[in-house]
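The file structure11.txt contains compact mmCIF, C-alpha atoms:
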# COMPACT_ATOMS: atom_id res chain seq x y z
CA MET C 1 0.00 0.00 0.00
CA THR C 2 2.91 2.34 -0.57
CA GLU C 3 1.48 3.53 -3.89
CA SER C 4 -1.68 5.13 -2.71
CA THR C 5 -3.93 6.21 -5.53
CA THR C 6 -7.57 6.88 -4.78
CA ARG C 7 -9.11 3.96 -6.64
CA PRO C 8 -7.36 1.01 -4.87
CA ARG C 9 -7.92 2.78 -1.57
CA ARG C 10 -11.65 3.04 -2.21
CA ARG C 11 -11.77 -0.58 -3.29
CA ALA C 12 -9.94 -1.63 -0.14
CA GLY C 13 -12.50 0.37 1.82
CA ILE C 14 -15.38 -1.56 0.27
CA VAL C 15 -13.67 -4.89 0.89
CA ASP C 16 -12.95 -3.92 4.48
CA ARG C 17 -16.51 -2.87 5.13
CA ALA C 18 -17.96 -5.99 3.48
CA SER C 19 -15.58 -8.15 5.43
CA ARG C 20 -16.50 -6.44 8.72
CA ARG C 21 -20.17 -6.84 7.99
CA LEU C 22 -19.80 -10.52 7.11
CA GLU C 23 -17.73 -11.05 10.21
CA GLU C 24 -20.47 -9.51 12.38
CA ARG C 25 -23.10 -11.57 10.59
CA ALA C 26 -21.12 -14.80 11.07
CA ALA C 27 -20.52 -14.00 14.74
CA GLY C 28 -24.25 -13.32 15.14
CA ILE C 29 -25.17 -16.67 13.61
CA ARG C 30 -22.68 -18.46 15.81
CA ARG C 31 -24.07 -16.72 18.93
CA ALA C 32 -27.63 -17.63 17.92
CA LEU C 33 -26.66 -21.26 17.44
CA ASP C 34 -24.62 -21.44 20.61
CA SER C 35 -25.86 -24.26 22.83
CA PRO C 36 -24.37 -26.02 25.84
CA VAL C 37 -24.91 -29.28 23.93
CA ARG C 38 -22.67 -28.20 21.04
CA THR C 39 -19.33 -28.96 22.67
CA THR C 40 -16.24 -30.74 21.49
CA ARG C 41 -17.04 -33.47 24.02
CA THR C 42 -20.47 -34.07 22.39
CA ALA C 43 -18.82 -34.14 18.96
CA VAL C 44 -16.35 -36.76 20.23
CA VAL C 45 -19.03 -38.92 21.90
CA VAL C 46 -21.30 -38.94 18.84
CA GLY C 47 -18.38 -39.00 16.41
CA ARG C 48 -16.80 -42.17 17.77
CA LEU C 49 -20.16 -44.01 17.63
CA LEU C 50 -20.58 -42.83 14.05
CA GLY C 51 -17.00 -43.90 13.33
CA LEU C 52 -17.77 -47.35 14.74
CA ALA C 53 -20.92 -47.67 12.60
CA PHE C 54 -18.96 -46.60 9.51
CA ALA C 55 -16.16 -49.06 10.31
CA VAL C 56 -18.69 -51.92 10.51
CA CYS C 57 -20.23 -50.79 7.22
CA PHE C 58 -16.84 -50.50 5.51
CA ALA C 59 -15.56 -53.91 6.61
CA THR C 60 -18.78 -55.81 5.87
CA GLY C 61 -19.19 -53.87 2.62
CA LEU C 62 -15.72 -54.86 1.40
CA PHE C 63 -16.49 -58.48 2.32
CA SER C 64 -19.73 -58.38 0.30
CA HIS C 65 -18.02 -56.65 -2.62
CA PHE C 66 -15.22 -59.20 -2.87
CA LEU C 67 -17.64 -62.11 -2.52
CA GLN C 68 -19.26 -60.83 -5.71
CA ASP C 69 -16.10 -59.66 -7.49
CA PRO C 70 -13.22 -61.64 -5.98
CA LEU C 71 -9.59 -60.95 -6.79
CA PRO C 72 -8.03 -64.06 -8.37
CA TRP C 73 -6.25 -65.25 -5.20
CA MET C 74 -9.25 -64.82 -2.89
CA ARG C 75 -10.87 -67.80 -1.09
CA PHE C 76 -13.85 -67.45 1.21
CA PRO C 77 -15.10 -69.38 4.23
CA THR C 78 -18.20 -71.54 3.63
CA VAL C 79 -18.64 -72.12 7.38
CA PRO C 80 -20.70 -70.92 9.18
CA ALA C 81 -23.40 -71.05 6.51
CA ASP C 82 -25.01 -67.99 8.12
CA LEU C 83 -21.85 -65.88 7.80
CA TYR C 84 -23.05 -63.66 4.97
CA ARG C 85 -26.44 -63.39 6.62
CA TRP C 86 -24.82 -61.82 9.67
CA THR C 87 -22.25 -59.63 7.89
CA GLN C 88 -24.76 -58.17 5.45
CA GLY C 89 -27.42 -57.83 8.15
CA ALA C 90 -24.86 -55.91 10.22
CA HIS C 91 -24.00 -53.77 7.18
CA VAL C 92 -27.58 -52.65 6.66
CA VAL C 93 -28.42 -52.27 10.37
CA ALA C 94 -25.27 -50.25 11.10
CA GLY C 95 -25.84 -48.12 7.99
CA THR C 96 -29.44 -47.42 8.98
CA MET C 97 -28.43 -46.56 12.56
CA SER C 98 -25.78 -44.18 11.25
CA ILE C 99 -28.54 -41.95 9.82
CA VAL C 100 -29.38 -40.78 13.35
CA LEU C 101 -25.73 -40.51 14.37
CA LEU C 102 -24.80 -38.57 11.24
CA ALA C 103 -27.67 -36.13 11.80
CA ALA C 104 -26.64 -35.69 15.46
CA LYS C 105 -23.00 -35.15 14.55
CA LEU C 106 -23.83 -32.55 11.90
CA TRP C 107 -26.23 -30.76 14.27
CA THR C 108 -23.50 -30.63 16.91
CA VAL C 109 -20.82 -29.08 14.72
CA TYR C 110 -22.58 -27.17 11.95
CA PRO C 111 -22.24 -23.70 13.60
CA ARG C 112 -18.56 -24.02 12.67
CA LEU C 113 -19.68 -23.59 9.10
CA PHE C 114 -19.96 -19.89 9.97
CA ALA C 115 -16.41 -19.49 11.22
CA TRP C 116 -14.90 -16.18 10.10
CA PRO C 117 -12.66 -15.75 8.24
CA PRO C 118 -13.66 -18.99 6.49
CA VAL C 119 -10.10 -19.84 5.56
CA THR C 120 -6.98 -18.69 7.39
CA SER C 121 -4.23 -20.67 5.67
CA LEU C 122 -3.62 -23.33 3.06
CA ALA C 123 -3.82 -25.95 5.82
CA SER C 124 -7.17 -24.64 7.04
CA PHE C 125 -8.46 -24.58 3.44
CA LEU C 126 -7.46 -28.21 2.90
CA GLU C 127 -8.98 -29.21 6.23
CA ARG C 128 -12.31 -27.52 5.49
CA ALA C 129 -12.33 -28.93 1.96
CA SER C 130 -11.78 -32.44 3.33
CA ILE C 131 -14.72 -31.97 5.71
CA GLY C 132 -16.84 -30.82 2.79
CA VAL C 133 -15.97 -34.01 0.91
CA LEU C 134 -16.61 -36.12 4.02
CA VAL C 135 -20.03 -34.61 4.74
CA ALA C 136 -21.17 -34.80 1.12
CA SER C 137 -19.95 -38.34 0.49
CA ALA C 138 -21.16 -39.71 3.84
CA GLY C 139 -24.61 -38.19 3.37
CA LEU C 140 -24.93 -39.54 -0.16
CA GLN C 141 -23.54 -42.94 0.82
CA VAL C 142 -26.00 -43.45 3.67
CA ALA C 143 -28.96 -42.11 1.68
CA MET C 144 -28.33 -44.26 -1.39
CA GLY C 145 -27.70 -47.31 0.79
CA LEU C 146 -31.06 -46.80 2.49
CA LEU C 147 -32.86 -46.40 -0.85
CA ASN C 148 -31.17 -49.60 -2.06
CA THR C 149 -32.70 -51.57 0.83
CA TYR C 150 -36.04 -50.50 -0.63
CA GLN C 151 -34.88 -51.51 -4.13
CA TRP C 152 -35.45 -47.96 -5.31
CA TYR C 153 -32.84 -46.73 -7.78
CA PRO C 154 -33.70 -43.14 -8.73
CA TRP C 155 -30.36 -42.61 -10.51
CA PRO C 156 -28.94 -43.54 -13.90
CA PHE C 157 -25.68 -45.12 -12.63
CA ASP C 158 -24.87 -48.58 -11.31
CA PHE C 159 -25.52 -48.66 -7.57
CA ARG C 160 -22.77 -51.08 -6.60
CA THR C 161 -19.99 -49.34 -8.55
CA VAL C 162 -20.80 -45.95 -7.04
CA HIS C 163 -21.46 -47.25 -3.52
CA PHE C 164 -18.09 -49.03 -3.58
CA ALA C 165 -16.20 -46.00 -4.93
CA LEU C 166 -17.87 -43.63 -2.47
CA ALA C 167 -16.93 -45.93 0.41
CA TRP C 168 -13.26 -45.19 -0.34
CA VAL C 169 -13.95 -41.46 -0.53
CA VAL C 170 -15.69 -41.58 2.86
CA ALA C 171 -12.90 -43.70 4.35
CA GLY C 172 -10.17 -41.40 3.02
CA SER C 173 -11.74 -38.12 4.05
CA LEU C 174 -12.68 -39.62 7.43
CA ALA C 175 -9.06 -40.68 7.98
CA ILE C 176 -7.91 -37.10 7.24
CA HIS C 177 -10.61 -35.69 9.53
CA VAL C 178 -9.65 -37.95 12.44
CA ALA C 179 -5.94 -37.25 11.92
CA VAL C 180 -6.51 -33.48 11.97
CA LYS C 181 -8.77 -33.63 15.02
CA LEU C 182 -6.73 -36.24 16.89
CA PRO C 183 -5.40 -33.83 19.56
CA GLU C 184 -8.94 -32.60 20.32
CA ILE C 185 -10.34 -36.14 20.23
CA ARG C 186 -7.73 -37.27 22.74
CA ARG C 187 -8.36 -34.33 25.05
CA HIS C 188 -12.12 -35.01 25.12
CA TRP C 189 -12.07 -38.82 24.96
CA ARG C 190 -12.98 -39.27 28.62
CA ALA C 191 -15.70 -37.26 30.34
CA ALA C 192 -13.49 -36.31 33.29
CA ASP C 193 -10.74 -34.89 31.06
CA ALA C 194 -13.24 -33.01 28.97
CA GLU C 195 -14.87 -31.41 32.03
CA GLU C 196 -11.54 -30.42 33.48
CA ARG C 197 -10.79 -28.56 30.25
CA SER C 198 -14.04 -27.03 29.09
CA GLY C 199 -14.62 -26.29 32.71
CA ALA C 200 -17.15 -27.17 35.31
CA GLY C 201 -17.43 -23.80 36.96
CA PRO C 202 -17.38 -20.38 35.35
CA ARG C 203 -16.60 -20.46 31.67
CA GLU C 204 -13.74 -18.41 30.35
CA ASP C 205 -16.04 -15.96 28.63
CA GLY C 206 -17.96 -15.45 31.87
CA ALA C 207 -21.22 -16.78 30.42
CA SER C 208 -22.15 -18.53 33.66
CA MET D 1 -23.62 -22.95 38.82
CA THR D 2 -27.20 -23.69 37.71
CA GLY D 3 -26.09 -22.84 34.20
CA GLU D 4 -23.54 -25.62 34.25
CA ARG D 5 -26.08 -28.08 35.70
CA ASP D 6 -28.63 -27.18 33.02
CA ALA D 7 -25.95 -27.59 30.40
CA ARG D 8 -25.07 -31.03 31.71
CA LEU D 9 -28.77 -31.99 31.75
CA SER D 10 -29.37 -30.86 28.20
CA ARG D 11 -26.21 -32.65 27.06
CA ARG D 12 -27.50 -35.81 28.71
CA ALA D 13 -30.97 -35.34 27.16
CA PHE D 14 -29.42 -34.86 23.73
CA LEU D 15 -27.24 -37.94 23.96
CA THR D 16 -30.15 -39.99 25.34
CA THR D 17 -32.33 -38.92 22.40
CA VAL D 18 -29.61 -39.79 19.93
CA GLY D 19 -29.03 -43.15 21.64
CA VAL D 20 -32.71 -44.08 21.78
CA GLY D 21 -33.18 -43.00 18.14
CA THR D 22 -30.16 -44.96 16.96
CA ILE D 23 -30.90 -48.17 18.88
CA GLY D 24 -34.62 -47.90 18.08
CA LEU D 25 -33.95 -47.61 14.35
CA GLY D 26 -31.53 -50.53 14.62
CA LEU D 27 -34.13 -52.71 16.35
CA LEU D 28 -36.78 -51.83 13.79
CA THR D 29 -34.41 -52.91 11.00
CA ALA D 30 -32.67 -55.94 12.54
CA GLY D 31 -35.84 -58.05 12.36
CA GLN D 32 -35.05 -58.81 8.73
CA THR D 33 -31.92 -60.65 9.86
CA VAL D 34 -32.68 -61.80 13.41
CA ASP D 35 -35.81 -63.97 13.49
CA ALA D 36 -36.54 -63.15 17.14
CA LEU D 37 -36.89 -59.45 16.23
CA ALA D 38 -39.05 -60.10 13.16
CA PRO D 39 -42.27 -58.71 14.70
CA LEU D 40 -40.41 -55.42 15.28
CA ALA D 41 -39.15 -55.10 11.72
CA LEU D 42 -41.35 -52.12 10.90
CA PHE D 43 -38.56 -50.28 9.15
CA ALA D 44 -37.38 -53.31 7.19
CA PRO D 45 -38.78 -53.45 3.65
CA ARG D 46 -39.17 -57.26 3.69
CA ARG D 47 -41.63 -59.27 5.73
CA VAL D 48 -40.39 -62.59 7.02
CA GLY D 49 -42.50 -65.38 5.55
CA ALA D 50 -43.82 -63.27 2.65
CA GLY D 51 -43.62 -64.68 -0.89
CA PRO D 52 -44.25 -68.10 -2.42
CA GLN D 53 -43.29 -71.08 -0.20
CA GLY D 54 -42.76 -68.65 2.68
CA LEU D 55 -39.69 -67.06 1.13
CA PRO D 56 -39.37 -63.54 -0.32
CA VAL D 57 -38.59 -63.09 -4.02
CA ASN D 58 -36.44 -60.29 -5.41
CA ARG D 59 -36.48 -61.13 -9.10
CA THR D 60 -39.53 -62.94 -10.38
CA ALA D 61 -39.55 -65.32 -13.36
CA GLU D 62 -41.52 -62.70 -15.22
CA ALA D 63 -39.00 -59.94 -14.52
CA ALA D 64 -36.19 -62.24 -15.64
CA ALA D 65 -38.17 -63.29 -18.76
CA VAL D 66 -37.46 -66.98 -18.18
CA ARG D 67 -41.00 -68.37 -17.88
CA ASP D 68 -41.11 -70.28 -21.18
CA LEU D 69 -37.53 -71.51 -20.94
CA ALA D 70 -37.98 -72.69 -17.34
CA LEU D 71 -41.27 -74.48 -18.04
CA ALA D 72 -40.03 -76.15 -21.23
CA PRO D 73 -40.56 -79.94 -20.87
CA ASP D 74 -37.18 -80.70 -22.43
CA TRP D 75 -35.22 -78.57 -19.96
CA SER D 76 -31.94 -80.03 -18.85
CA LEU D 77 -28.98 -78.88 -16.80
CA GLU D 78 -25.76 -78.86 -18.77
CA VAL D 79 -22.58 -79.69 -16.87
CA VAL D 80 -19.50 -78.93 -18.96
CA HIS D 81 -16.07 -80.34 -18.17
CA GLN D 82 -13.08 -79.93 -20.53
CA GLY D 83 -15.44 -78.72 -23.23
CA VAL D 84 -17.62 -81.86 -23.05
CA PRO D 85 -21.25 -81.20 -22.06
CA SER D 86 -23.33 -83.71 -20.07
CA ARG D 87 -27.06 -83.18 -19.73
CA PHE D 88 -29.24 -83.87 -16.69
CA GLY D 89 -33.01 -83.61 -17.04
CA LEU D 90 -35.18 -83.09 -13.98
CA ASP D 91 -35.88 -86.85 -13.76
CA ASP D 92 -32.14 -87.58 -14.01
CA LEU D 93 -31.50 -85.22 -11.10
CA ARG D 94 -34.30 -86.81 -9.04
CA ALA D 95 -32.74 -90.24 -9.65
CA LEU D 96 -29.44 -89.11 -8.07
CA GLU D 97 -28.78 -89.04 -4.32
CA LEU D 98 -30.81 -86.12 -2.98
CA VAL D 99 -29.61 -84.43 0.18
CA GLU D 100 -31.26 -81.87 2.38
CA ALA D 101 -29.59 -78.65 3.51
CA ARG D 102 -30.87 -75.90 5.73
CA LEU D 103 -29.39 -72.74 4.27
CA PRO D 104 -30.27 -69.05 4.33
CA ILE D 105 -31.05 -66.83 1.40
CA ALA D 106 -29.25 -63.65 2.44
CA CYS D 107 -29.82 -60.68 0.19
CA VAL D 108 -27.38 -57.81 -0.31
CA GLU D 109 -30.23 -55.54 0.78
CA GLY D 110 -29.98 -56.96 4.27
CA TRP D 111 -32.92 -59.31 4.63
CA SER D 112 -32.42 -63.03 5.03
CA THR D 113 -34.52 -66.12 5.59
CA GLU D 114 -33.50 -69.67 6.30
CA ALA D 115 -35.10 -72.46 4.31
CA THR D 116 -34.86 -76.23 3.80
CA TRP D 117 -33.56 -77.13 0.36
CA ARG D 118 -33.25 -80.57 -1.27
CA GLY D 119 -31.19 -81.41 -4.27
CA VAL D 120 -28.02 -82.91 -5.69
CA ARG D 121 -24.62 -81.93 -4.30
CA VAL D 122 -22.64 -79.94 -6.86
CA ARG D 123 -19.56 -82.00 -6.08
CA ASP D 124 -21.51 -85.22 -6.86
CA LEU D 125 -22.44 -83.79 -10.25
CA LEU D 126 -18.82 -82.82 -10.81
CA ALA D 127 -17.75 -86.38 -9.93
CA LEU D 128 -20.24 -87.76 -12.48
CA VAL D 129 -18.56 -85.77 -15.26
CA GLY D 130 -15.07 -86.63 -14.01
CA ALA D 131 -14.19 -83.24 -12.50
CA PRO D 132 -12.54 -82.87 -9.09
CA ALA D 133 -14.73 -81.69 -6.18
CA ARG D 134 -12.58 -78.57 -5.78
CA SER D 135 -13.38 -76.99 -9.12
CA ALA D 136 -14.07 -73.37 -9.83
CA CYS D 137 -17.23 -73.13 -11.94
CA ARG D 138 -19.01 -70.71 -14.19
CA ILE D 139 -22.75 -70.77 -13.48
CA ALA D 140 -25.26 -69.65 -16.11
CA SER D 141 -28.96 -69.01 -15.68
CA LEU D 142 -31.69 -69.39 -18.30
CA GLU D 143 -32.16 -65.67 -17.73
CA PRO D 144 -31.23 -63.97 -21.04
CA ASN D 145 -30.10 -60.66 -19.49
CA GLY D 146 -29.38 -59.36 -16.03
CA PRO D 147 -26.14 -58.56 -14.22
CA TYR D 148 -26.06 -61.97 -12.50
CA ALA D 149 -27.11 -64.17 -15.45
CA VAL D 150 -23.59 -65.63 -15.56
CA THR D 151 -21.47 -65.73 -12.40
CA SER D 152 -18.35 -67.42 -11.08
CA MET D 153 -18.22 -69.76 -8.11
CA GLY D 154 -14.97 -70.43 -6.26
CA ALA D 155 -13.71 -73.99 -5.82
CA GLU D 156 -14.34 -73.82 -2.07
CA TYR D 157 -18.10 -73.64 -2.63
CA ALA D 158 -18.18 -76.54 -5.11
CA ALA D 159 -16.25 -78.67 -2.59
CA ASP D 160 -18.63 -77.87 0.28
CA PRO D 161 -21.16 -80.71 0.80
CA GLY D 162 -23.83 -78.07 1.54
CA THR D 163 -23.68 -76.62 -1.98
CA LEU D 164 -26.61 -78.02 -3.95
CA VAL D 165 -28.38 -77.92 -7.23
CA ALA D 166 -31.69 -77.59 -5.40
CA ILE D 167 -34.92 -78.89 -6.92
CA GLU D 168 -37.10 -78.72 -3.81
CA LEU D 169 -37.85 -76.06 -1.22
CA GLY D 170 -39.62 -76.97 2.00
CA GLY D 171 -40.51 -80.45 0.67
CA GLU D 172 -42.16 -79.17 -2.54
CA PRO D 173 -40.82 -78.62 -6.05
CA LEU D 174 -39.31 -75.14 -6.36
CA ASP D 175 -41.78 -72.38 -7.16
CA LEU D 176 -41.14 -70.84 -10.58
CA ASP D 177 -40.15 -67.57 -8.82
CA HIS D 178 -37.66 -69.47 -6.66
CA GLY D 179 -35.84 -70.89 -9.69
CA TYR D 180 -37.80 -73.91 -11.00
CA PRO D 181 -36.67 -76.33 -12.33
CA ALA D 182 -33.33 -76.08 -10.46
CA ARG D 183 -31.29 -73.46 -8.68
CA LEU D 184 -27.96 -73.16 -6.98
CA ILE D 185 -27.81 -72.82 -3.20
CA ALA D 186 -24.47 -72.54 -1.38
CA PRO D 187 -23.53 -71.65 2.19
CA ALA D 188 -22.35 -68.14 3.15
CA ARG D 189 -22.92 -66.48 -0.23
CA PRO D 190 -24.93 -63.40 -1.26
CA GLY D 191 -28.42 -64.14 -2.58
CA VAL D 192 -27.65 -62.66 -6.00
CA LEU D 193 -25.10 -65.45 -6.53
CA GLN D 194 -27.59 -68.23 -5.65
CA THR D 195 -28.42 -68.61 -9.34
CA LYS D 196 -32.04 -69.42 -10.17
CA TRP D 197 -33.33 -71.24 -13.32
CA LEU D 198 -30.01 -73.03 -13.86
CA ARG D 199 -28.85 -73.62 -17.40
CA THR D 200 -25.15 -74.50 -17.26
CA ILE D 201 -22.46 -75.38 -14.75
CA GLU D 202 -19.10 -75.16 -16.48
CA VAL D 203 -15.89 -76.33 -14.84
CA VAL D 204 -13.24 -73.66 -15.42
CA SER D 205 -10.33 -75.11 -13.41

Mind converting the file's structure to structure tokens?
Amino acid sequence: MTESTTRPRRRAGIVDRASRRLEERAAGIRRALDSPVRTTRTAVVVGRLLGLAFAVCFATGLFSHFLQDPLPWMRFPTVPADLYRWTQGAHVVAGTMSIVLLAAKLWTVYPRLFAWPPVTSLASFLERASIGVLVASAGLQVAMGLLNTYQWYPWPFDFRTVHFALAWVVAGSLAIHVAVKLPEIRRHWRAADAEERSGAGPREDGAS
Amino acid sequence: MTGERDARLSRRAFLTTVGVGTIGLGLLTAGQTVDALAPLALFAPRRVGAGPQGLPVNRTAEAAAVRDLALAPDWSLEVVHQGVPSRFGLDDLRALELVEARLPIACVEGWSTEATWRGVRVRDLLALVGAPARSACRIASLEPNGPYAVTSMGAEYAADPGTLVAIELGGEPLDLDHGYPARLIAPARPGVLQTKWLRTIEVVS
């Protein structure tokens, strides 16, 4: 800003004002959505249950996929005869249960959508982008799985191909998400640790 | 401090709601796999015991366009080994040693039902054409189209004494929608691979 002509200065003024206004708006939304339930601890409690449900779905889904399209060296157990009955039953039950957990997890954390500024560095951009991919792919994966149990295919593509591919997208973006959040997850893994940190007693901002 | 107590209460209420919702939805779905929960399976698309011979049907003979082929009086199962076909009509199959197996039909969509099947062991058929019990096979249905009209079956299934070319279900001839005249039934495999309206079993190794 050493070369100060009028035009860039005015433009900077507009950008500044717009930015300030957006910042106030975002802060307002976050205040309005603030709830004692929306804590990191809640996100961890719901998140690990959702992670467990997704892990069951991923493992049983891979098993089902390779039963139908085995790699040349693959051999499968024929005992117990009910094996596939249980793995696929678990796949569908865990997937259906994850609808509630996914909704709860998104409800807990979605005020962070209004963080301002939205991106602070390349790392924060990549992190937010990975969460965008995770939320979109997980939502689609669960929804299309549910529709499949009703044999309803309102799309032009092959269900199995897309469900299989999306499973890897969910798994990959979930791995990134967990890796990024690992320090927070560890701090809030146990209720006692979480309370010690987020504070029974007056909160830092003096809200209680 | 009331603020903190309220916060803890609403956290607990939230987690309880999520827990009850999750477990409830699970229980309402699990009935399609766990027989004991069947009366609760409100959320499951399939009713246990619905369909011909008390077993649900995903793909009917009509949908698969196999009705005429399956009901043809000269139907026979072709078993191919080293390029040489052998034919088994329904009477030929009935004349062989028939064994009974209690095996589930477990669909990729999550529902499953156990049933009593009767038929000829695949490995006995393989022995009749001179193929080893542990043979990988290509299984073809009369079905002209469809993603599972021709499928592969690993050697481990052919070797298992529970793997049958089934011609009866629950003591009666197979219903047309369950694969009459003969279908494949093997342990621990997805329902889509339990080929109905069998046409050919080809030894590939």

Per residue of chain C within 8 Å of chain D, what are the shortest atom pair and its distance in Å to one decimal, counting all atoms listed in the file, with rows by chain and residue number, as CSV?
residue,atom,partner,partner_atom,distance
C:Pro36,CA,D:Ala7,CA,5.1
C:Val37,CA,D:Arg11,CA,4.8
C:Thr42,CA,D:Arg11,CA,7.5
C:Val46,CA,D:Leu15,CA,7.9
C:Ser64,CA,D:Pro190,CA,7.4
C:Leu67,CA,D:Arg189,CA,7.2
C:Gln68,CA,D:Leu193,CA,7.5
C:Arg75,CA,D:Glu156,CA,7.0
C:Phe76,CA,D:Glu156,CA,7.2
C:Pro77,CA,D:Ala188,CA,7.4
C:Thr78,CA,D:Ala188,CA,5.4
C:Val79,CA,D:Ala188,CA,6.9
C:Pro80,CA,D:Ala188,CA,6.8
C:Ala81,CA,D:Pro187,CA,4.4
C:Asp82,CA,D:Ala188,CA,5.6
C:Leu83,CA,D:Ala188,CA,5.2
C:Tyr84,CA,D:Ala188,CA,4.9
C:Arg85,CA,D:Ala106,CA,5.0
C:Trp86,CA,D:Thr33,CA,7.2
C:Gln88,CA,D:Gly110,CA,5.5
C:Gly89,CA,D:Gly110,CA,4.7
C:Ala90,CA,D:Gly110,CA,7.9
C:His91,CA,D:Gly110,CA,7.4
C:Val92,CA,D:Gly110,CA,5.5
C:Val93,CA,D:Gly26,CA,5.5
C:Ala94,CA,D:Gly26,CA,7.2
C:Thr96,CA,D:Gly26,CA,6.8
C:Met97,CA,D:Thr22,CA,5.0
C:Ser98,CA,D:Thr22,CA,7.2
C:Ile99,CA,D:Thr22,CA,7.9
C:Val100,CA,D:Thr22,CA,5.6
C:Leu101,CA,D:Thr22,CA,6.8
C:Ala104,CA,D:Val18,CA,6.8
C:Asn148,CA,D:Glu109,CA,6.7
C:Thr149,CA,D:Glu109,CA,4.7
C:Tyr150,CA,D:Pro45,CA,5.9
C:Gln151,CA,D:Glu109,CA,7.9
C:Ala200,CA,D:Glu4,CA,6.7
C:Gly201,CA,D:Met1,CA,6.5
C:Pro202,CA,D:Met1,CA,7.6
C:Ser208,CA,D:Gly3,CA,5.9

### Task
Would you kindly return, as a VMD selection string, each protein, DNA or RNA residue with an atom no farther than 10 Å from any atom of Thr116 in chain D, considering all atoms listed in the file and excluding same-chain residues fewer than 5 positions away?
chain D and resid 100 to 104 166 168 to 171

### Query
Pick the closest to Ala182 in chain D from D:Pro85, D:Arg94, D:Ala115, D:Val99: which is it, counting only C-alpha atoms?
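Result for the nearest residue to Ala182 in chain D: D:Arg94.
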
### Message
I'd like the neighbourhood of Leu98 in chain D as a VMD selection string, where a residue qualifies if any of its atoms comes within 7 Å (using all atoms listed in the file), though same-chain residues fewer than 4 positions away should be ignored.
### Response
chain D and resid 118 to 120

### Task
Would you kindly return, as a list of chain:residue names, each protein, DNA or RNA residue with an atom no farther than 7 Å from any atom of Glu202 in chain D, considering only C-alpha atoms and excluding same-chain residues fewer than 3 positions away?
D:Val79, D:Val80, D:His81, D:Cys137, D:Arg138, D:Ile139

### Query
With all atoms listed in the file as the atoms that count, which of C:Ala115, C:Val178, C:Ala129, C:Val169 lies nearest to Arg30 in chain C?
C:Ala115

Centre, x/y/z edge lengths, axis-aligned box for range 152-163 of chain C with 6 Å per side, as AutoDock Vina command-line options:
--center_x -27.7 --center_y -46.8 --center_z -8.7 --size_x 27.5 --size_y 20.5 --size_z 22.4

### CA of Ala123 in chain C to CA of Val162 in chain C, straight-line distance in Å
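Answer for the CA of Val162 in chain C to CA of Ala123 in chain C separation: 29.2 Å.
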
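Shortest separation to Leu134 in chain C among C:His177, C:Arg38, C:Lys105, C:Arg160 occurs at residue C:His177, atoms counted being only C-alpha atoms.
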
### Query
What is the CA of Leu142 in chain D to CA of Val84 in chain D distance in Å?
19.4 Å

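Across the structure, CA of Thr195 in chain D and CA of Val150 in chain D are spaced 8.4 Å apart.
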
### Query
Do you know which residues are at most 10 Å from Asp124 in chain D counting all atoms listed in the file, after dropping those on the same chain fewer than 4 positions away, and could you put them as a VMD selection string?
chain D and resid 96 to 97 120 128 to 133 158 to 159 161 164

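Within 12 Å of the point (-32.1, -60.4, -18.7) in file coordinates, and counting all atoms listed in the file, lie the residues Arg59, Thr60, Ala61, Glu62, Ala63, Ala64, Ala65, Val66, Arg67, Ala140, Ser141, Leu142, Glu143, Pro144, Asn145, Gly146, Pro147, Tyr148, Ala149 and Val150 of chain D.
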
Selected residues written out, C-alpha atoms, as a PDB file, in the frame of the given file:
ATOM      1  CA  ARG D  59     -36.480 -61.130  -9.100  1.00  0.00           C
ATOM      2  CA  THR D  60     -39.530 -62.940 -10.380  1.00  0.00           C
ATOM      3  CA  ALA D  61     -39.550 -65.320 -13.360  1.00  0.00           C
ATOM      4  CA  GLU D  62     -41.520 -62.700 -15.220  1.00  0.00           C
ATOM      5  CA  ALA D  63     -39.000 -59.940 -14.520  1.00  0.00           C
ATOM      6  CA  ALA D  64     -36.190 -62.240 -15.640  1.00  0.00           C
ATOM      7  CA  ALA D  65     -38.170 -63.290 -18.760  1.00  0.00           C
ATOM      8  CA  VAL D  66     -37.460 -66.980 -18.180  1.00  0.00           C
ATOM      9  CA  ARG D  67     -41.000 -68.370 -17.880  1.00  0.00           C
ATOM     10  CA  ALA D 140     -25.260 -69.650 -16.110  1.00  0.00           C
ATOM     11  CA  SER D 141     -28.960 -69.010 -15.680  1.00  0.00           C
ATOM     12  CA  LEU D 142     -31.690 -69.390 -18.300  1.00  0.00           C
ATOM     13  CA  GLU D 143     -32.160 -65.670 -17.730  1.00  0.00           C
ATOM     14  CA  PRO D 144     -31.230 -63.970 -21.040  1.00  0.00           C
ATOM     15  CA  ASN D 145     -30.100 -60.660 -19.490  1.00  0.00           C
ATOM     16  CA  GLY D 146     -29.380 -59.360 -16.030  1.00  0.00           C
ATOM     17  CA  PRO D 147     -26.140 -58.560 -14.220  1.00  0.00           C
ATOM     18  CA  TYR D 148     -26.060 -61.970 -12.500  1.00  0.00           C
ATOM     19  CA  ALA D 149     -27.110 -64.170 -15.450  1.00  0.00           C
ATOM     20  CA  VAL D 150     -23.590 -65.630 -15.560  1.00  0.00           C
TER      21      VAL D 150
END

Neighbours of range 86-93 of chain D within 6 Å (all atoms listed in the file; same-chain residues fewer than 5 positions away dropped), as a PDB file with C-alpha atoms, in the coordinates of the input?
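The new file selection.pdb reads:
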ATOM      1  CA  SER D  76     -31.940 -80.030 -18.850  1.00  0.00           C
ATOM      2  CA  LEU D  77     -28.980 -78.880 -16.800  1.00  0.00           C
ATOM      3  CA  GLU D  78     -25.760 -78.860 -18.770  1.00  0.00           C
ATOM      4  CA  VAL D  79     -22.580 -79.690 -16.870  1.00  0.00           C
TER       5      VAL D  79
END
